[in-house]
Every structure is written in C-alpha cells, then in structure tokens.
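Please read the structure below before turning to the comments.
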Number of protein chains: 6
Amino acid sequence: MPILKAVSEKKAKGKVKKIYEEIKKTRKINIIPNFWKTIANDPITLERTWKSLQQVMQKKYLDTLTKELIYIAVSMTNSCEYCIRSHSLSAKKKGMTDNMLKELIAVVAMANETNRLVESHQVEIDSFLK
Amino acid sequence: MPILKAVSEKKAKGKVKKIYEEIKKTRKINIIPNFWKTIANDPITLERTWKSLQQVMQKKYLDTLTKELIYIAVSMTNSCEYCIRSHSLSAKKKGMTDNMLKELIAVVAMANETNRLVESHQVEIDSFLK
Amino acid sequence: MPILKAVSEKKAKGKVKKIYEEIKKTRKINIIPNFWKTIANDPITLERTWKSLQQVMQKKYLDTLTKELIYIAVSMTNSCEYCIRSHSLSAKKKGMTDNMLKELIAVVAMANETNRLVESHQVEIDSFLK
Amino acid sequence: MPILKAVSEKKAKGKVKKIYEEIKKTRKINIIPNFWKTIANDPITLERTWKSLQQVMQKKYLDTLTKELIYIAVSMTNSCEYCIRSHSLSAKKKGMTDNMLKELIAVVAMANETNRLVESHQVEIDSFLK
Amino acid sequence: MPILKAVSEKKAKGKVKKIYEEIKKTRKINIIPNFWKTIANDPITLERTWKSLQQVMQKKYLDTLTKELIYIAVSMTNSCEYCIRSHSLSAKKKGMTDNMLKELIAVVAMANETNRLVESHQVEIDSFLK
Amino acid sequence: MPILKAVSEKKAKGKVKKIYEEIKKTRKINIIPNFWKTIANDPITLERTWKSLQQVMQKKYLDTLTKELIYIAVSMTNSCEYCIRSHSLSAKKKGMTDNMLKELIAVVAMANETNRLVESHQVEIDSFLK
C-alpha cells in the first residue's frame, strides 16, 4: 500500500484532472499509472514533475530511446523496482528489444563493479583526466 | 594516494606486462591509466576485469557510445569521480558532444528525483507492469 | 519472512522482557513492533539501539517532530520501506499532517536530484564554502 | 575541476544572465555560487532547477529552516560534500545553530544505522503499518 | 515477477545446460536457484558471472566463510534481499551460526552509522592515514 | 576542511578529555584521530559512538580481524574514503596482509556487481530461501 492514497481518475479535479488528460493524450494510454495517481496528492509536484519529465526526455541531442536506457540504468543502480518496470515498458515501446535489455543490464552490473574497484582503491585521478 | 601503490609500466611483469600491452594497443593509448595500474596489484582481478569489460562493452545490440553513456549514468549515480571522468573521455572519443553530455546529466538527475518520489510514496506496481 | 525469527512478547526473558516493557510504557503502545522483536535476537543490540534512539531523538535543540522528519528523509533516500512507514506513523503522532508529508517528499526528491547534478558535474567547492 | 567549464557572470547572456540576476536578488548575494555557474552550461536545466527549487523550498506547511535541515540530511546520506556545505550555509542564515547541526548529524547517522538493521534483518511490515 | 522469464532446466541448451550441470555438481545442489536461471537469458553473462564468482570466492588468503560474510555485508548495505538470503544460506553451509550472523549485522549497521558521521562532518584525513 | 572545527587534545575538557584518554590507552596510540576529534564537538555522540564501537567490535563469535574486514567492506560500498583508510590501518594492525586486502576488494566489487544483476532482473526469491 502506498503512504498516501492514490487520486483516482474519477476524483481528479482542476489541475490534476487537466494533467491526467494530457498524460493520456501524450502517452497514448487509457489508464493513468499509479506513479502519477500517487504524486497527484500534491498537485504542484504532479505538474512540475510532468513538465520537467517532458522537457528532459524529449529528443534533442540524444534520442528518446537512449534517454530511456539511461533512465533504466539509474533506476537499476538505485534498485527502484517500479521505475525499472515502468521505464522498461516505455523503452520497449520505443524499440528496446530483449537483447538490448540484457546488454544494458550487463553494462549496469559491470559499471557497479568497477565503480567499487575504483573507490575501494581510491584510485588517483590521472593527470590527463583533470 | 591510493590504498595500494600502483604498478608502474616499468615494474610490470608476466601477465600484468602482457595485459598492459593489450590495453595500450586496443585502446590506442600510450600510457596506462591509474585504474589499471592500481588493480594490477592483483593480476587475477586485472585480467578478469579487462576481459569482462571488453566483452561487456563491445558493440552488439547496443552500440559502444550508448554503452559508455550508460556507464557514465551509473557512475554519476554512484558519485564515482574517477569513473565519470574516464568514461566521459571514452565517450567523447566515440562521439559524445558537450550537448549530449548535458542532456545525459539532466536525465540522470531527473531519474534520481523520480526514483525517490516512487520510493518515498512506496508506489504500488500497476497490474500492467507485473 | 525475516532472516531471524522475531522474539515474541511471550518468549521474552530477562533484558529483552525489561526493554519490551520500557518500550510499551515510553511509547504508549500495546504491542511491540516487529523492528524491536527482530533485533531482540541480539539483546545487546536491542538494548544499545533502544538507548541510543532515546538519546538521539529527544527534544533538545531540535524538537522531536523535526527529528522525525529528518529520520524519514534519510529512510526515503535509502528506500527503507519499513523505516518510512514506522517513522511516518511516529511523525503523525507528533503532529505531521499529510500536507507536511507531501512537502517533505518534494524536498527529499529535489535534494536527490540536485545532489546528482552536483556530483555529475563535480562542481568545485566555492571559496566561501571552504 | 568540473566536467564542464563554469559560465562566468561576465560571459552570461540571455536566459542565463537573467537568472543570475534573479538568484543574486532573491538570495541577497553578490557572487553566483559554482553550482549555478556549472549547470548554466545547460540553460534549460538552470531555469528548471532554479524555478523548481524556489517552488519546493518556499515556506508553506513546513518552514524554510526545516526544509533546509531535510535537504542537508539527504545530502549527508548521499555524501555530497558541496551540497552539505552549501545547504549548511543556507540553514545557518535561516537560524541553524551549531548545536542544531550536531543533533541533525546524530539523527542522520542513527537513521542510517537502523535503516541497515531493518534491511539486514528484512523486518516484516507490522500489520498496523500497512 | 522477474523482468525476463527464467530459463528452466528443461529448456536449457548448449552453454547454459553445461553451466547448469557445473553449478549443481560444484555446489552440491539439485535445483538451480532463480539467480542463475534469470541471468541465463544472457548466456555470456551467465558464463562470465559463474567463472568470476568461482575465481573470486575460492579460498586463498581469505577463507571461504570470511568471503561469504563480506558478501553479505555488501548485500545488506545495498539492501539486496535475494542476495542477503542466498549468501546467508551459503554462509550457514560453511559454518556461520546465528550468533555470528547477529554480530555481522551489528557491525554492518554500526559501520553504516559511522560512515555517515564521517561524511556528514567531512572529517579530514589524518596525516598518518595518507 | 571539516564542517565543525575539531576539538584539539589541548582544548578537551571533562567527558571529552576522559574519552580521549581512554581511546589512547585502549588503542595504544599517541594522537587522537580526526574522527574522534571531530565528533567530540558533540560529547554525547562521542561517548555513545566510542562505547558502541567497543561493544560491537569486540571478539565474541566473530574475531576482531573479521569484524574489521566487514567494516571495510561496508565503507568501500559506501565510498567513505576516511573510513576505508582508518579501518584498513586497524585491520593491518590485526593481521590483514596486502594479499588479504586485494581479495577483500575483489569480493566487494563482485558483490556489488551481482547485487545489481539481481535488482536489475528483480530475481524472484527461491522457495528454499523463504
């Protein structure tokens, strides 16, 4: 159970209702995921997060699939199950195959290993990296 | 200062010397970065890490630049300065521009924010995500 | 299921029984939460943790509600579900409203975002911060 | 050294220049901290972060000092030195004394200990917490 | 549910089948744990991880029980439930008693507390530690 | 620079002075490490931490060297440089050789990798682990 009760589509009013409509239209989905319904308890956070995510995740110098892969990599490192699942779904819609997902996981796991090798040894920054 | 003294190229022998040669040839570099010189204290870890990284980072279903971006995203989430710097350099060699780096950072930061929104609220997994 | 079986109130003896009584009296509760019943497997850890928490969480320069909010903020950053839930309950007893909780979550999420912005960029410490 | 060169006040133009002015006026400071000058490389991130922080950190149900304490608690848990230092300065301006800071640190450290006790034991959620 | 369907022993072929046999023989177990069946989706990761783990976890300068205790300590710090449970089982087979487990947990929790005390205070490295 | 000025041995009074004496005697050292001098700003935290550490780190079911190795493993996973350095020194005094340290690092790094493999895949708990 979440800490705060999700705001159902039926009970959504004003700003929340408007953003729910935008999410469904933009994402081409029929039901609002629990993430949005939960943070909707705080309409200001809902609005800011929705606008920020749209701005950050839009295609510009990096394409939208690459951005989803990066999002998943962070979520895996933070062990956020909901985030891994929801962004994996988004990534699949944008073309991520199971083979790509397997390679993504291998890179994430390996990076976590070498990050600790570096920190355990307190490796000194090479002069060419400064 | 590192916890263990780095193994200089001059003092490298046997397996370590051989891998140093391979690293310089494969990466087209003239000096061995401190990461390799430090983990070379344990030649088995050096060999395993070098082979594993080559296997994991090779182009297959994901291209090598995308893999570097994922590596940087993990390193940023773990706050590993050496790793951020060294993989940013590798990524630049593979085509990452400053504009791409800026977008990468924006995605990493945003993902860290929404990961905490999800965990703070203990958002329930949607049935379509199970 | 926990890793070690919880020590029920019925089976509690000696030091454990005594601390269970203290917890119920001090906290004005009728049942011992699973946290205490689980760490009671190690009576020394139970005693040290109970005494330390009372010392750390008492009102002195910061009031007890503020201390609970800080506790929740750490638990959210560490994604500890049990800790988020139990300290949210304690905070509510001390006056935390749902509106305060929503703001707390917004601050925690935002701090996690800017923490990563700083670490991703390896922002230099300003001279006025040294 | 940061990953991207900070945007000096002299070189700031357009949106960046405008936000620099706002920051100095709102915060009543004469020099722009490195955090803002570094993220200014990406004017969109600069603007979004500045606006979001103002929205999140304003007094509403929690006062601004409590919000700073929460910010520091997250930054300490994430070991972000720059963030600890800059938000400690902000908190001091809002009334945080050294005695409050010491208590804050004690709570943060203790919360990190009990978070691990809970996770190590995989403590079951009590029915009254669900 | 896992993100990718586990590879059952029945469906295992080629390299996967061969490694499954090795795991059962080496570990003296009759059923393949879900960890191996899940990463078997990527046979290269399965093989690399199996070989690496055998190399890293073998008795040399540290005995195998001490290595398992270290593995559990990392898994507890990262809150990885599956890892805590599976390595606790391995450790028990190698001689870990409940009393040893309780002490392990106490050390892990305490280390997490003092790690934050150090980082919160940004304690300076003593000259004798450099 | 630390956030709060360290309490020098010269300026130590009362409880702080007494604990400084105990630390020097028990640890057989001539100078108080910065860790203790920094947390001494809060004499209650100094006393609680010193007593707790002595209790937790004493030989009982696990020997003191094993406990130091666990402490280092946690500190490496949390990337706490001061903690890695100071507990490596303590471990060396208790018999840790460079070869043991190298193996410790290899286990810590590998555990961090498989922890992420498990979390990335959201591996289901085997029924024999429940």
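Going by the structure tokens order, chains are called A, B, ..., each with residues numbered from 1, while ligands are numbered from 1 in the order shown.
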Name the residues in contact with Lys13 in chain C at a cut-off of 12 Å, using only C-alpha atoms, excluding same-chain residues fewer than 6 positions from it; report them as a PDB file with N, CA, C and O atoms, in the first residue's frame.
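Okay, selection_4.pdb is ready:
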```pdb
ATOM      1  N   VAL C   7      11.389 -12.353  18.287  1.00  0.00           N
ATOM      2  CA  VAL C   7      11.204 -12.817  19.667  1.00  0.00           C
ATOM      3  C   VAL C   7       9.853 -12.306  20.170  1.00  0.00           C
ATOM      4  O   VAL C   7       9.688 -11.101  20.407  1.00  0.00           O
ATOM      5  N   ILE C  19      13.184  -4.488  28.444  1.00  0.00           N
ATOM      6  CA  ILE C  19      13.165  -3.426  27.429  1.00  0.00           C
ATOM      7  C   ILE C  19      11.823  -3.379  26.721  1.00  0.00           C
ATOM      8  O   ILE C  19      11.302  -2.305  26.415  1.00  0.00           O
ATOM      9  N   TYR C  20      11.216  -4.535  26.470  1.00  0.00           N
ATOM     10  CA  TYR C  20       9.865  -4.556  25.883  1.00  0.00           C
ATOM     11  C   TYR C  20       8.912  -3.728  26.762  1.00  0.00           C
ATOM     12  O   TYR C  20       8.097  -2.953  26.259  1.00  0.00           O
ATOM     13  N   GLU C  21       9.004  -3.924  28.062  1.00  0.00           N
ATOM     14  CA  GLU C  21       8.133  -3.172  28.981  1.00  0.00           C
ATOM     15  C   GLU C  21       8.385  -1.666  28.858  1.00  0.00           C
ATOM     16  O   GLU C  21       7.441  -0.871  28.784  1.00  0.00           O
ATOM     17  N   ALA C  40      15.707  -8.092  18.803  1.00  0.00           N
ATOM     18  CA  ALA C  40      15.797  -8.694  20.134  1.00  0.00           C
ATOM     19  C   ALA C  40      16.528 -10.035  20.112  1.00  0.00           C
ATOM     20  O   ALA C  40      16.937 -10.548  21.156  1.00  0.00           O
ATOM     21  N   ASN C  41      16.702 -10.598  18.930  1.00  0.00           N
ATOM     22  CA  ASN C  41      17.512 -11.813  18.828  1.00  0.00           C
ATOM     23  C   ASN C  41      18.909 -11.574  19.397  1.00  0.00           C
ATOM     24  O   ASN C  41      19.568 -12.500  19.848  1.00  0.00           O
ATOM     25  N   PRO C  43      20.162  -9.394  22.207  1.00  0.00           N
ATOM     26  CA  PRO C  43      19.749  -8.497  23.304  1.00  0.00           C
ATOM     27  C   PRO C  43      20.661  -7.281  23.469  1.00  0.00           C
ATOM     28  O   PRO C  43      20.190  -6.199  23.822  1.00  0.00           O
TER      29      PRO C  43
END
```
message: Residues near Lys5 in chain A, anyone? I mean within 10 Å using only C-alpha atoms, not counting same-chain ones fewer than 6 positions away, as JSON, numbers by chain.
response: {"A": [37, 38, 39, 40, 41], "B": [121, 123]}
Counting only C-alpha atoms, give me one row per residue of chain B with an atom at most 10 Å from an atom of chain E, showing the shortest contact pair and its distance in Å to one decimal, sorted by chain then residue number, as CSV.
```
residue,atom,partner,partner_atom,distance
B:Met1,CA,E:Lys130,CA,6.5
B:Pro2,CA,E:Lys130,CA,8.7
B:Ile3,CA,E:Lys130,CA,8.8
B:Ile44,CA,E:Gln55,CA,8.6
B:Thr45,CA,E:Val56,CA,8.4
B:Arg48,CA,E:Ser52,CA,7.3
B:Thr49,CA,E:Ser52,CA,9.4
B:Lys51,CA,E:Arg48,CA,9.6
B:Ser52,CA,E:Arg48,CA,7.3
B:Gln55,CA,E:Ile44,CA,8.6
B:Val56,CA,E:Thr45,CA,8.4
B:Leu129,CA,E:Met1,CA,9.6
B:Lys130,CA,E:Met1,CA,6.4
```
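Here CA of Phe35 in chain B is placed at a distance of 28.3 Å from CA of Glu113 in chain C.
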Determine, counting only C-alpha atoms, which protein, DNA and RNA residues have an atom within 12 Å of an atom of Ser127 in chain A; residues of the same chain fewer than 3 positions away are not included. Present the result as an mmCIF file with all heavy atoms, in the first residue's frame.
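Just written: out39.cif:
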```cif
data_model
loop_
_atom_site.group_PDB
_atom_site.id
_atom_site.type_symbol
_atom_site.label_atom_id
_atom_site.label_comp_id
_atom_site.auth_asym_id
_atom_site.auth_seq_id
_atom_site.Cartn_x
_atom_site.Cartn_y
_atom_site.Cartn_z
ATOM 1 N N GLU A 124 43.853 7.313 -7.903
ATOM 2 C CA GLU A 124 44.146 8.735 -8.143
ATOM 3 C C GLU A 124 43.744 9.139 -9.564
ATOM 4 O O GLU A 124 43.964 8.393 -10.520
ATOM 5 C CB GLU A 124 45.650 8.982 -7.992
ATOM 6 C CG GLU A 124 46.092 9.034 -6.543
ATOM 7 C CD GLU A 124 47.564 9.394 -6.433
ATOM 8 O OE1 GLU A 124 48.386 8.523 -6.766
ATOM 9 O OE2 GLU A 124 47.870 10.526 -6.013
ATOM 10 N N LYS A 130 42.256 15.446 -15.594
ATOM 11 C CA LYS A 130 41.932 16.637 -14.798
ATOM 12 C C LYS A 130 41.506 17.816 -15.658
ATOM 13 O O LYS A 130 41.987 17.986 -16.748
ATOM 14 C CB LYS A 130 43.127 17.013 -13.923
ATOM 15 C CG LYS A 130 43.177 16.172 -12.647
ATOM 16 C CD LYS A 130 44.454 16.411 -11.872
ATOM 17 C CE LYS A 130 44.596 15.356 -10.759
ATOM 18 N NZ LYS A 130 45.940 15.351 -10.193
ATOM 19 N N ILE B 31 49.916 5.712 -22.450
ATOM 20 C CA ILE B 31 50.170 5.478 -21.027
ATOM 21 C C ILE B 31 48.987 4.728 -20.406
ATOM 22 O O ILE B 31 47.837 4.927 -20.788
ATOM 23 C CB ILE B 31 50.444 6.792 -20.239
ATOM 24 C CG1 ILE B 31 49.283 7.789 -20.427
ATOM 25 C CG2 ILE B 31 51.761 7.417 -20.677
ATOM 26 C CD1 ILE B 31 49.340 8.901 -19.409
ATOM 27 N N ILE B 32 49.332 3.871 -19.479
ATOM 28 C CA ILE B 32 48.308 3.067 -18.799
ATOM 29 C C ILE B 32 47.641 3.935 -17.728
ATOM 30 O O ILE B 32 48.325 4.481 -16.866
ATOM 31 C CB ILE B 32 48.959 1.835 -18.124
ATOM 32 C CG1 ILE B 32 49.695 0.973 -19.157
ATOM 33 C CG2 ILE B 32 47.928 1.013 -17.370
ATOM 34 C CD1 ILE B 32 48.793 0.282 -20.138
ATOM 35 N N PRO B 33 46.306 4.076 -17.765
ATOM 36 C CA PRO B 33 45.611 4.866 -16.749
ATOM 37 C C PRO B 33 45.781 4.259 -15.344
ATOM 38 O O PRO B 33 45.983 3.044 -15.213
ATOM 39 C CB PRO B 33 44.142 4.802 -17.181
ATOM 40 C CG PRO B 33 44.181 4.478 -18.638
ATOM 41 C CD PRO B 33 45.386 3.587 -18.812
ATOM 42 N N ASN B 34 45.682 5.113 -14.335
ATOM 43 C CA ASN B 34 45.852 4.674 -12.947
ATOM 44 C C ASN B 34 44.915 3.541 -12.545
ATOM 45 O O ASN B 34 45.255 2.725 -11.699
ATOM 46 C CB ASN B 34 45.641 5.859 -11.985
ATOM 47 C CG ASN B 34 46.844 6.776 -11.954
ATOM 48 O OD1 ASN B 34 47.958 6.359 -12.266
ATOM 49 N ND2 ASN B 34 46.624 8.035 -11.588
ATOM 50 N N TYR B 82 36.366 9.426 -10.511
ATOM 51 C CA TYR B 82 37.313 8.855 -11.478
ATOM 52 C C TYR B 82 36.551 8.212 -12.649
ATOM 53 O O TYR B 82 36.898 8.401 -13.809
ATOM 54 C CB TYR B 82 38.211 7.812 -10.798
ATOM 55 C CG TYR B 82 39.309 7.314 -11.704
ATOM 56 C CD1 TYR B 82 40.566 7.908 -11.689
ATOM 57 C CD2 TYR B 82 39.092 6.260 -12.599
ATOM 58 C CE1 TYR B 82 41.577 7.465 -12.532
ATOM 59 C CE2 TYR B 82 40.087 5.820 -13.445
ATOM 60 C CZ TYR B 82 41.335 6.424 -13.410
ATOM 61 O OH TYR B 82 42.321 5.994 -14.260
ATOM 62 N N ARG B 85 34.924 10.737 -14.986
ATOM 63 C CA ARG B 85 35.922 11.391 -15.833
ATOM 64 C C ARG B 85 36.465 10.453 -16.911
ATOM 65 O O ARG B 85 36.577 10.826 -18.079
ATOM 66 C CB ARG B 85 37.083 11.896 -14.978
ATOM 67 C CG ARG B 85 36.710 13.098 -14.139
ATOM 68 C CD ARG B 85 37.904 13.668 -13.393
ATOM 69 N NE ARG B 85 37.480 14.749 -12.528
ATOM 70 C CZ ARG B 85 37.250 15.998 -12.935
ATOM 71 N NH1 ARG B 85 37.453 16.332 -14.190
ATOM 72 N NH2 ARG B 85 36.833 16.914 -12.081
ATOM 73 N N SER B 86 36.803 9.229 -16.521
ATOM 74 C CA SER B 86 37.439 8.354 -17.510
ATOM 75 C C SER B 86 36.431 7.895 -18.572
ATOM 76 O O SER B 86 36.752 7.859 -19.758
ATOM 77 C CB SER B 86 38.138 7.163 -16.841
ATOM 78 O OG SER B 86 37.213 6.366 -16.159
ATOM 79 N N MET D 1 38.507 20.019 -10.725
ATOM 80 C CA MET D 1 37.937 20.721 -11.884
ATOM 81 C C MET D 1 36.596 20.102 -12.272
ATOM 82 O O MET D 1 36.452 18.888 -12.256
ATOM 83 C CB MET D 1 38.895 20.632 -13.073
ATOM 84 C CG MET D 1 39.030 21.946 -13.823
ATOM 85 S SD MET D 1 39.941 21.702 -15.378
ATOM 86 C CE MET D 1 38.856 20.573 -16.254
#
```
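In this structure, CA of Leu69 in chain F sits 12.3 Å away from CA of Leu65 in chain E.
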- request: Pick out each residue of chain D that DSSP on the backbone tags as alpha helix (DSSP H); I need them as a VMD selection string.
  value: chain D and resid 14 to 27 34 to 39 43 to 57 64 to 77 81 to 93 98 to 121
